[in-house]
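Participant: The following file, target_11.txt, comprises compact mmCIF, C-alpha atoms:
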# COMPACT_ATOMS: atom_id res chain seq x y z
CA MET T 18 7.41 -9.98 15.89
CA ARG T 19 5.19 -10.55 12.84
CA GLU T 20 3.54 -13.50 14.57
CA HIS T 21 2.92 -11.37 17.67
CA LEU T 22 1.38 -8.61 15.55
CA MET T 23 -0.88 -11.05 13.73
CA GLU T 24 -1.92 -12.59 17.06
CA LEU T 25 -2.93 -9.16 18.36
CA ILE T 26 -4.80 -8.30 15.17
CA GLY T 27 -6.55 -11.68 15.28
CA GLN T 28 -8.09 -10.74 18.63
CA LEU T 29 -9.88 -7.76 17.10
CA PRO T 30 -13.24 -7.94 15.35
CA ALA T 31 -12.57 -9.19 11.82
CA PRO T 32 -13.64 -5.99 10.00
CA VAL T 33 -11.36 -3.87 12.19
CA ALA T 34 -8.52 -6.33 11.66
CA VAL T 35 -8.95 -6.14 7.86
CA VAL T 36 -8.75 -2.32 7.92
CA LEU T 37 -5.68 -2.37 10.20
CA VAL T 38 -3.83 -4.97 8.14
CA ALA T 39 -4.56 -2.97 4.98
CA MET T 40 -3.01 0.10 6.62
CA LEU T 41 0.30 -1.67 7.33
CA PRO T 42 3.09 -0.94 4.83
CA VAL T 43 4.24 -4.48 4.23
CA PHE T 44 0.83 -6.17 4.09
CA GLU T 45 -1.49 -3.53 2.61
CA LEU T 46 -4.57 -5.00 0.95
CA ARG T 47 -2.53 -7.90 -0.43
CA GLY T 48 -2.51 -9.20 3.13
CA ALA T 49 -5.80 -7.75 4.32
CA ILE T 50 -8.08 -9.49 1.83
CA PRO T 51 -6.75 -13.01 2.56
CA ALA T 52 -6.77 -12.11 6.26
CA GLY T 53 -10.46 -11.29 6.01
CA TYR T 54 -11.18 -14.77 4.71
CA ALA T 55 -8.84 -16.34 7.28
CA LEU T 56 -10.70 -14.49 10.04
CA GLY T 57 -13.98 -16.05 8.93
CA MET T 58 -15.48 -13.21 6.93
CA THR T 59 -17.56 -14.48 4.02
CA ASP T 60 -18.76 -11.36 2.18
CA PRO T 61 -16.18 -10.63 -0.55
CA VAL T 62 -17.59 -7.15 -1.21
CA LEU T 63 -17.30 -6.16 2.45
CA ILE T 64 -13.73 -7.50 2.65
CA TYR T 65 -12.82 -5.61 -0.53
CA VAL T 66 -14.33 -2.31 0.67
CA LEU T 67 -12.69 -2.56 4.11
CA ALA T 68 -9.31 -3.41 2.58
CA VAL T 69 -9.52 -0.54 0.07
CA ILE T 70 -10.46 1.93 2.81
CA GLY T 71 -7.69 0.70 5.07
CA ASN T 72 -5.12 0.79 2.28
CA PHE T 73 -6.03 4.38 1.35
CA LEU T 74 -6.04 5.77 4.92
CA PRO T 75 -2.24 6.23 5.13
CA VAL T 76 -1.95 7.75 1.63
CA LEU T 77 -2.95 11.33 2.42
CA PRO T 78 -0.78 11.58 5.55
CA ILE T 79 2.18 10.17 3.61
CA LEU T 80 1.71 12.57 0.69
CA LEU T 81 1.15 15.59 2.95
CA LEU T 82 3.70 14.88 5.69
CA ILE T 83 6.66 13.16 4.03
CA GLY T 84 8.11 16.46 2.76
CA PRO T 85 8.01 18.33 6.09
CA ALA T 86 9.16 15.21 7.95
CA GLU T 87 12.07 14.71 5.56
CA ARG T 88 13.19 18.34 5.86
CA ARG T 89 13.13 18.25 9.66
CA LEU T 90 14.62 14.81 10.17
CA ARG T 91 17.46 14.98 7.63
CA ARG T 92 19.36 17.14 10.14
CA PHE T 93 20.15 13.93 12.00
CA ALA T 94 22.74 11.66 10.41
CA THR T 95 20.82 8.46 11.15
CA MET T 96 17.62 9.82 9.65
CA ASP T 97 19.50 11.24 6.66
CA ARG T 98 20.86 7.74 5.97
CA PHE T 99 17.38 6.27 6.42
CA PHE T 100 15.82 8.70 3.92
CA ASN T 101 18.66 8.10 1.44
CA TRP T 102 18.12 4.34 1.72
CA LEU T 103 14.32 4.59 1.53
CA PHE T 104 14.27 6.95 -1.43
CA LYS T 105 16.97 5.06 -3.33
CA ARG T 106 15.06 1.82 -2.84
CA THR T 107 11.77 3.43 -3.91
CA VAL T 108 13.25 5.03 -7.03
CA SER T 109 14.99 1.79 -8.03
CA ARG T 110 11.64 -0.02 -8.08
CA SER T 111 9.62 2.67 -9.83
CA ASP T 112 10.91 2.88 -13.41
CA VAL T 113 7.34 2.53 -14.66
CA ILE T 114 6.39 5.74 -12.84
CA LYS T 115 9.35 7.63 -14.28
CA ARG T 116 8.41 6.51 -17.77
CA TYR T 117 4.61 6.78 -17.74
CA GLU T 118 3.89 9.16 -14.81
CA SER T 119 0.17 8.87 -13.94
CA LEU T 120 -0.44 5.60 -15.79
CA GLY T 121 2.81 4.28 -14.34
CA LEU T 122 1.72 5.22 -10.82
CA ILE T 123 -1.61 3.44 -11.30
CA LEU T 124 0.17 0.29 -12.52
CA PHE T 125 2.80 0.49 -9.79
CA VAL T 126 0.16 0.59 -7.07
CA ALA T 127 -2.11 -1.94 -8.82
CA ILE T 128 0.46 -4.70 -9.24
CA PRO T 129 0.15 -6.85 -6.11
CA ALA T 130 3.84 -7.62 -5.77
CA PRO T 131 6.38 -7.04 -3.00
CA MET T 132 7.57 -3.43 -2.69
CA THR T 133 4.69 -2.04 -4.74
CA GLY T 134 1.43 -0.64 -3.45
CA ALA T 135 -0.02 2.50 -1.96
CA TRP T 136 2.77 3.18 0.54
CA THR T 137 5.60 2.93 -1.98
CA GLY T 138 3.47 4.59 -4.65
CA SER T 139 2.89 7.55 -2.32
CA LEU T 140 6.62 7.84 -1.68
CA ALA T 141 7.31 7.62 -5.40
CA ALA T 142 4.70 10.31 -6.14
CA TYR T 143 6.48 12.56 -3.64
CA LEU T 144 9.93 11.80 -5.04
CA PHE T 145 8.86 12.42 -8.64
CA LYS T 146 7.03 15.58 -7.56
CA LEU T 147 3.67 14.48 -8.94
CA PRO T 148 0.98 16.99 -7.93
CA LEU T 149 -1.58 15.81 -5.36
CA ARG T 150 -4.43 16.29 -7.84
CA MET T 151 -2.77 13.67 -10.04
CA ALA T 152 -1.24 11.40 -7.39
CA ILE T 153 -4.34 10.82 -5.28
CA PRO T 154 -6.69 9.62 -8.06
CA CYS T 155 -3.92 7.44 -9.52
CA ILE T 156 -3.20 5.83 -6.16
CA ILE T 157 -6.91 5.27 -5.51
CA LEU T 158 -7.37 3.67 -8.92
CA GLY T 159 -4.31 1.48 -8.35
CA ILE T 160 -5.69 0.38 -4.96
CA LEU T 161 -9.06 -0.46 -6.52
CA ILE T 162 -7.42 -2.54 -9.26
CA ALA T 163 -5.10 -4.31 -6.81
CA GLY T 164 -8.11 -5.11 -4.62
CA VAL T 165 -9.92 -6.74 -7.53
CA VAL T 166 -6.85 -8.80 -8.46
CA VAL T 167 -6.19 -9.93 -4.88
CA SER T 168 -9.89 -10.71 -4.35
CA LEU T 169 -10.01 -12.86 -7.49
CA VAL T 170 -6.82 -14.67 -6.48
CA SER T 171 -8.10 -15.17 -2.91
CA GLN T 172 -11.32 -16.69 -4.24
CA GLY T 173 -9.42 -18.97 -6.63
CA VAL T 174 -10.94 -17.33 -9.70
CA ILE T 175 -7.49 -16.61 -11.14
CA GLN T 176 -4.11 -18.12 -10.39
CA LEU T 177 -0.90 -16.12 -10.53
CA TRP T 178 1.44 -19.10 -10.00
CA ARG T 179 1.07 -22.78 -10.55
Let's see the structure in the file written out as structure tokens.

Facilitator:
Amino acid sequence: MREHLMELIGQLPAPVAVVLVAMLPVFELRGAIPAGYALGMTDPVLIYVLAVIGNFLPVLPILLLIGPAERRLRRFATMDRFFNWLFKRTVSRSDVIKRYESLGLILFVAIPAPMTGAWTGSLAAYLFKLPLRMAIPCIILGILIAGVVVSLVSQGVIQLWR
């Protein structure tokens, strides 16, 4: 399925593909920035801006709609199990947010590792009841930092693993 999705995205204009990949929960900008280069884009600033925009687009809907969606859907046993699983998994990976709140949320979103990023950070902000006025700037800052790190890695300026 992932190959099919990437094939479909590869048929789109490269800038649109970068934004769409950045919006996806598993890839986010960690996948979008390398995808931009793989799709033949050469302007690192344009790739960065498109990836940041795409990564932020789902944040507001998640922060604003997860509460009402959870309350409505928990009436169904399957969805109740899904939310229990999702929230348990999110909380288990977000000790830094519990400990440091806003700084922790920035770091959690900024670290380009699996199961971190804007999607999980938005869920964690909801679960820890961080106010929107604090969550949104922290998530944006985390996205901006992650974009810089992924851009530098994609360009070979820094290496995370040898």

Participant: Find, counting all atoms listed in the file, the residue in T:Ile70, T:Pro78, T:Val126, T:Val170 that gets nearest to Cys155 in chain T.

Facilitator: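 Of all the options, T:Val126 lies closest to Cys155 in chain T.
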
Participant: So the first atom is CA of Leu74 in chain T and the second is CA of Val36 in chain T; what is the distance between them in Å, to one decimal place?

Facilitator: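 Result for CA of Leu74 in chain T versus CA of Val36 in chain T: 9.0 Å, one decimal.
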
Participant: Give me the residues within 7 Å of Gly53 in chain T as a PyMOL selection string, counting all atoms listed in the file and dropping any in the same chain fewer than 5 places off.

Facilitator: chain T and resi 31+35+58+64

Participant: Do a neighbour search on Val66 in chain T at 10 Å with only C-alpha atoms, toss out local chain neighbours closer than 3 positions, and write the hits as a PyMOL selection string.

Facilitator: chain T and resi 35-36+50+61-63+69-72+161+164

Participant: Identify which of the residues T:Gly57, T:Gly84, T:Gly48, T:Pro75 lies closest to Leu144 in chain T, counting all atoms listed in the file when measuring atom-to-atom distances.

Facilitator: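 With all atoms listed in the file as the atom set, the closest residue is T:Gly84.
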
Participant: Go through T:Leu80, T:Leu56, T:Leu67, T:Val165 and flag the residue nearest Leu37 in chain T, using only C-alpha atoms for the distances.

Facilitator: T:Leu67

Participant: Using only C-alpha atoms, pick whichever of T:Leu46, T:Met23, T:Ala135, T:Leu90 has the shortest atom-to-atom distance to Leu122 in chain T.

Facilitator: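 Ranking T:Leu46, T:Met23, T:Ala135, T:Leu90 by distance to Leu122 in chain T, first place goes to T:Ala135.
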
Participant: Could you please determine the separation between CA of Val166 in chain T and CA of Gly134 in chain T in Å, to one decimal place?

Facilitator: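 Atom-to-atom, CA of Val166 in chain T to CA of Gly134 in chain T, that is 12.7 Å.
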
Participant: Taking only C-alpha atoms into account, which of T:Ala49, T:Val33, T:Leu103, T:Ala152 comes nearest Gly121 in chain T?

Facilitator: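 Checking each of T:Ala49, T:Val33, T:Leu103, T:Ala152 against Gly121 in chain T, counting only C-alpha atoms, the winner is T:Ala152.
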
Participant: Using CA of Thr133 in chain T and CA of Thr59 in chain T as the two end points, give the distance in Å to one decimal.

Facilitator: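 Calculated distance between CA of Thr133 in chain T and CA of Thr59 in chain T is 27.0 Å.
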
Participant: Looking at T:Gln172, T:Pro30, T:Phe100, T:Ala141, which one is nearest to Arg88 in chain T, with distances taken over all atoms listed in the file?

Facilitator: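 For Arg88 in chain T, the nearest of the candidates is T:Phe100.
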
Participant: Using only C-alpha atoms, determine which residues lie at most 9 Å from Val76 in chain T, disregarding the query and same-chain residues fewer than 5 positions distant; provide the list as an MDAnalysis selection string.

Facilitator: chainID T and resid 81 135:136 138:139 153 156

Participant: Pull C-alpha atoms from the residues just selected and write them as a compact mmCIF listing (two decimals), in the frame of the given file.

Facilitator:
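Saved the output as selection.txt:
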# COMPACT_ATOMS: atom_id res chain seq x y z
CA LEU T 81 1.15 15.59 2.95
CA ALA T 135 -0.02 2.50 -1.96
CA TRP T 136 2.77 3.18 0.54
CA GLY T 138 3.47 4.59 -4.65
CA SER T 139 2.89 7.55 -2.32
CA ILE T 153 -4.34 10.82 -5.28
CA ILE T 156 -3.20 5.83 -6.16

Participant: List the neighbours of Val113 in chain T out to 10 Å using all atoms listed in the file; skip same-chain residues closer than 4 positions along the sequence, and give me the result as a ChimeraX atom specification.

Facilitator: /T:108,117-125
